[in-house]
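Take a look at the structure set out below.
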Amino acid sequence: MKLYRYRTIKSALLELDNGTFYFADPKELNDPLEGYLKIFWQGDKFAWEGLLKNFVCSLFYNFQTYLLMSRRFQNSAQENFLSNFQTRSILSDLHQFDNSSFSQTFEELTENFWAEEIVKKVVDFYGNDEIKCYGREMEFIFRTVIDAAFIICVKKFKSLGLIHDDFDEKFFDVEYEISFAELKNISDAARKKKIDSLENLNCDMMESGLLALKLNNRSSDMEYVLKQNMLWIRFIFPRTYVEQLKEIMYPSGYVVCFSDTPTNSAMWGNYADNHRGICFIYETENLDGREYINFATKSLEIKQIKYTSQVIERNFFDTLLNLSFIRAEDWLTGRGGLKSKKLTAPKSTEGYVDDYQEKFYRKIMDWHHEREYRIFLADRFSHYTDRFARNLKYDLKMLTGIIFGIRTTLDDRFKILQKLAKLGKSIRDFNFFQAEYDDDTQLISIREKILLTKIT
């Protein structure tokens, strides 16, 4: 089948330089909902206690990193750490610290945290294995307990000499008014509405406090700076932690995008520099009813995107057994070493793998006009984390033609022809087309273009 790839002149020349496709991280694409899964948390009390253990230990580790960097490098390192904070909030495997002083510290922090009344209330309420808790509610839960976690961490830092003994760890202590008894007696929809309202209020209050500190900036006062950055961490950590919980559920994956139509004016505008770019034409290989693009070391299937309002749902706790880079037992063990029943549940590998692949081939209906196809590159072993490693050579025989845009300049056409010549593509054996506006249909039409020029 024929597939089309809209490109700006700059990106087209880069692709032709080495005959490669760049496999993009979904975060680099123009839809923020790319790869979206509807993740929820539903488990028994020991699963929730294990999760909360990881939360307080991850908070302590990140907070200590900030304190040590601020001592050694002062403002520049602090700013760099805080700007990168959102990408490294979670400690996926606490056992990597078994042979260090962190191990005992983590145990001490966890026991103190579990003993907090607010933490007990959270575990009692959500640990009945009945309530489905989604992302926004998870942020609320962690924001509800983060003050208790912060106070425990600050007390430990005082004992380690990282914070002065007279520092007031309750400088921005906000009591979140929530009655779990009240939440038990209302519907799921009413609970979500109430929690959304409380979460909005909590975030607004935290943001207001942070803005007030920044507007009254006293960068020479180190305690003032510490309070400002503590507030920033307290504000952002629950959200970044939840987002990273979602991310660790599946390994990375990368995509190359195509369309089955070369006449979509919106796509020429969005992806081909307002019709100044070009559109590559590829001919796929059919094997047993499936379409493939051949690469230097393998062939990768190309599949059509499903445009649907349905989303894939998955329970975080049920997924842990499928993750090889963590010890699921550690995440699913609560107070007194008691283990969650999730540890003995059947391992559903097939459904896990199916969801992993499927999430890269789904988009909401708003994008239906693109009629998109994709090649998906799985990265279960992190071979393609470096973006340069994701430039893969493909079989140039599959590139069979080029469509010039309505506004493609003569100079840019010449640059494209030069690149084709360097790749060994003969104009005589290559198909060229011209995109034009049809006055009668008021649509884009494509006509064959005859090039008599010989490139040497």
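By order of appearance in the structure tokens: chains A, B, ..., then residues from 1 within every chain, and ligands from 1 in the order shown.
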
TODO: Write out as a ChimeraX atom specification all residues of range 93-291 of chain A that backbone DSSP assigns to helix (DSSP H, G or I).
DONE: /A:94-97,102-114,117-126,135-159,180-184,188-215,222-248,265-271

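Residue neighbourhood of Trp268 in chain A, excluding near-sequence residues (fewer than 6 positions): Tyr6, Arg7, Pro262, Asn274, His275, Arg276, Gly277, Ile278, Cys279 and Gly405 of chain A, at 9 Å, using only C-alpha atoms.
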
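Each of A:Phe376, A:Tyr134, A:Phe295, A:Phe404 was compared to Gly253 in chain A using only C-alpha atoms, and A:Phe376 turns out to be the nearest.
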
Check: Can you tell me, as JSON, numbers by chain, what residues are no more than 9 Å from range 233-236 of chain A when counting only C-alpha atoms, ignoring any on the same chain fewer than 2 positions away?
Finding: {"A": [59, 63, 82, 85, 86, 143, 146, 147, 150, 203, 206, 207, 210, 228, 229, 230, 231, 238, 239, 240, 241]}

Distance of CA of Gly336 in chain A from CA of Glu49 in chain A, expressed in Å to one decimal place:
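Between CA of Glu49 in chain A and CA of Gly336 in chain A the gap works out to 10.6 Å.
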
request  = Please give the complete set of residues from range 173-292 of chain A that DSSP, run on the backbone, assigns to strand (DSSP E), formatted as a list in words.
outcome  =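 Output for range 173-292 of chain A, strand (DSSP E) only: Ser252, Gly253, Tyr254, Val255, Val256, Cys257, Phe258, Ser259, Ile278, Cys279, Phe280, Ile281, Tyr282, Glu283, Glu285, Asn286, Leu287, Arg290, Glu291 and Tyr292 of chain A.
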
- request: Using only C-alpha atoms, determine which residues lie at most 7 Å from Thr20 in chain A, disregarding the query and same-chain residues fewer than 2 positions distant; provide the list as an MDAnalysis selection string.
  value: chainID A and resid 15 18 22 391:394

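For the residues A:Ser92, A:Thr297, A:Ser103, A:Ser179, ranking by smallest atom-to-atom distance to Glu247 in chain A using only C-alpha atoms places A:Ser92 first.
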
Among the residues A:Leu162, A:Ala389, A:Ile90, A:Ala149, the one that comes closest to Asn112 in chain A [using only C-alpha atoms] =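 Checking each candidate against Asn112 in chain A, we get A:Ala149 as the closest.
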
Identify, on the basis of only C-alpha atoms, every residue whose closest approach to Val122 in chain A does not exceed 12 Å; exclude the query and any residue fewer than 6 positions from it along the same chain; express the result as a short mmCIF file (atom, residue, chain, number, x, y, z; two decimals) with C-alpha atoms, in the first residue's frame.
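Listed below is the output, result_36.cif:
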data_model
loop_
_atom_site.label_atom_id
_atom_site.label_comp_id
_atom_site.auth_asym_id
_atom_site.auth_seq_id
_atom_site.Cartn_x
_atom_site.Cartn_y
_atom_site.Cartn_z
CA ASP A 44 -5.94 -3.68 49.87
CA LYS A 45 -4.40 -1.83 52.82
CA PHE A 46 -1.00 -3.50 52.48
CA TRP A 48 -1.54 1.19 49.91
CA GLU A 49 0.94 1.08 52.79
CA LEU A 51 2.88 2.74 48.02
CA LEU A 52 2.95 5.31 50.82
CA PHE A 113 4.93 7.92 58.49
CA TRP A 114 2.66 4.89 58.83
CA ALA A 115 1.99 5.92 62.46
CA GLU A 116 0.61 9.34 61.43
CA ASN A 128 -10.77 -1.93 51.16
CA ILE A 131 -12.56 2.14 45.52
CA CYS A 133 -8.87 6.03 42.62
CA GLU A 137 -7.66 11.89 43.41
CA MET A 138 -4.21 10.35 43.86
CA PHE A 140 -5.14 14.86 46.44
CA ILE A 141 -4.23 11.85 48.61
CA PHE A 142 -0.51 12.62 48.44
CA ARG A 143 -1.14 16.32 48.99
CA THR A 144 -3.17 15.36 52.07
CA VAL A 145 -0.27 13.43 53.62
CA ILE A 178 -11.65 16.39 54.86
CA SER A 179 -13.90 13.86 56.55
CA PHE A 180 -13.35 10.32 55.33
CA ALA A 181 -16.49 9.33 57.19
CA LEU A 183 -16.77 10.42 51.84
CA LYS A 184 -17.86 6.88 52.70
#

Practice task
Find the residues near range 282-285 of chain A: any atom within 10 Å, counting only C-alpha atoms, skip ones fewer than 4 places away on the same chain, and give them as a list in words.
Solution key: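 In the requested form, the answer reads Met1, Lys2, Leu3, Tyr4, Arg5, Phe258, Gly289, Arg290, Glu291, Tyr292, Ile293, Asn294, Ser299, Glu301, Ile302, Leu396, Lys397, Met398, Leu399, Thr400, Gly401 and Ile402 of chain A.
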
Please produce a file of those selected residues containing N, CA and C atoms, as a JSON list (two decimals), in the first residue's frame.
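And here's out_9.json as it stands now:
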[["chain", "number", "residue", "atom", "x", "y", "z"],
["A", 1, "MET", "N", 0.84, -1.19, 0.00],
["A", 1, "MET", "CA", 0.00, 0.00, 0.00],
["A", 1, "MET", "C", 0.88, 1.25, 0.00],
["A", 2, "LYS", "N", 0.32, 2.35, -0.48],
["A", 2, "LYS", "CA", 1.04, 3.62, -0.49],
["A", 2, "LYS", "C", 0.75, 4.39, 0.79],
["A", 3, "LEU", "N", 1.79, 4.94, 1.40],
["A", 3, "LEU", "CA", 1.64, 5.79, 2.57],
["A", 3, "LEU", "C", 2.42, 7.08, 2.35],
["A", 4, "TYR", "N", 1.99, 8.12, 3.04],
["A", 4, "TYR", "CA", 2.51, 9.46, 2.79],
["A", 4, "TYR", "C", 3.03, 10.08, 4.09],
["A", 5, "ARG", "N", 4.09, 10.84, 3.95],
["A", 5, "ARG", "CA", 4.73, 11.45, 5.13],
["A", 5, "ARG", "C", 4.99, 12.93, 4.83],
["A", 258, "PHE", "N", 2.66, 8.30, 9.55],
["A", 258, "PHE", "CA", 2.35, 8.41, 8.13],
["A", 258, "PHE", "C", 0.85, 8.70, 8.00],
["A", 289, "GLY", "N", -0.84, -10.54, 4.75],
["A", 289, "GLY", "CA", -1.93, -9.61, 5.03],
["A", 289, "GLY", "C", -1.56, -8.43, 5.92],
["A", 290, "ARG", "N", -0.30, -8.32, 6.30],
["A", 290, "ARG", "CA", 0.15, -7.21, 7.12],
["A", 290, "ARG", "C", 1.16, -6.37, 6.35],
["A", 291, "GLU", "N", 1.19, -5.07, 6.66],
["A", 291, "GLU", "CA", 2.07, -4.15, 5.94],
["A", 291, "GLU", "C", 3.32, -3.86, 6.77],
["A", 292, "TYR", "N", 4.49, -3.83, 6.10],
["A", 292, "TYR", "CA", 5.77, -3.65, 6.79],
["A", 292, "TYR", "C", 6.64, -2.61, 6.08],
["A", 293, "ILE", "N", 7.48, -1.97, 6.87],
["A", 293, "ILE", "CA", 8.60, -1.16, 6.37],
["A", 293, "ILE", "C", 9.88, -1.91, 6.76],
["A", 294, "ASN", "N", 10.76, -2.09, 5.80],
["A", 294, "ASN", "CA", 11.99, -2.83, 6.05],
["A", 294, "ASN", "C", 13.10, -1.89, 6.51],
["A", 299, "SER", "N", 12.26, -5.89, 10.06],
["A", 299, "SER", "CA", 11.08, -5.28, 9.45],
["A", 299, "SER", "C", 10.09, -4.96, 10.56],
["A", 301, "GLU", "N", 6.15, -3.70, 11.51],
["A", 301, "GLU", "CA", 4.80, -3.60, 10.98],
["A", 301, "GLU", "C", 4.28, -2.17, 11.12],
["A", 302, "ILE", "N", 3.50, -1.78, 10.14],
["A", 302, "ILE", "CA", 2.86, -0.47, 10.19],
["A", 302, "ILE", "C", 1.36, -0.68, 10.33],
["A", 396, "LEU", "N", 15.71, 1.98, 1.15],
["A", 396, "LEU", "CA", 15.40, 3.11, 0.28],
["A", 396, "LEU", "C", 14.51, 2.74, -0.89],
["A", 397, "LYS", "N", 14.43, 1.45, -1.20],
["A", 397, "LYS", "CA", 13.53, 1.02, -2.29],
["A", 397, "LYS", "C", 12.08, 1.33, -1.97],
["A", 398, "MET", "N", 11.79, 1.50, -0.68],
["A", 398, "MET", "CA", 10.41, 1.75, -0.27],
["A", 398, "MET", "C", 10.02, 3.21, -0.46],
["A", 399, "LEU", "N", 11.00, 4.09, -0.65],
["A", 399, "LEU", "CA", 10.73, 5.49, -0.97],
["A", 399, "LEU", "C", 10.58, 5.59, -2.49],
["A", 400, "THR", "N", 9.36, 5.79, -2.97],
["A", 400, "THR", "CA", 9.09, 5.71, -4.41],
["A", 400, "THR", "C", 8.74, 7.04, -5.05],
["A", 401, "GLY", "N", 8.47, 8.07, -4.26],
["A", 401, "GLY", "CA", 8.10, 9.33, -4.88],
["A", 401, "GLY", "C", 8.05, 10.49, -3.91],
["A", 402, "ILE", "N", 7.87, 11.68, -4.48],
["A", 402, "ILE", "CA", 7.78, 12.91, -3.70],
["A", 402, "ILE", "C", 6.70, 13.79, -4.31]]
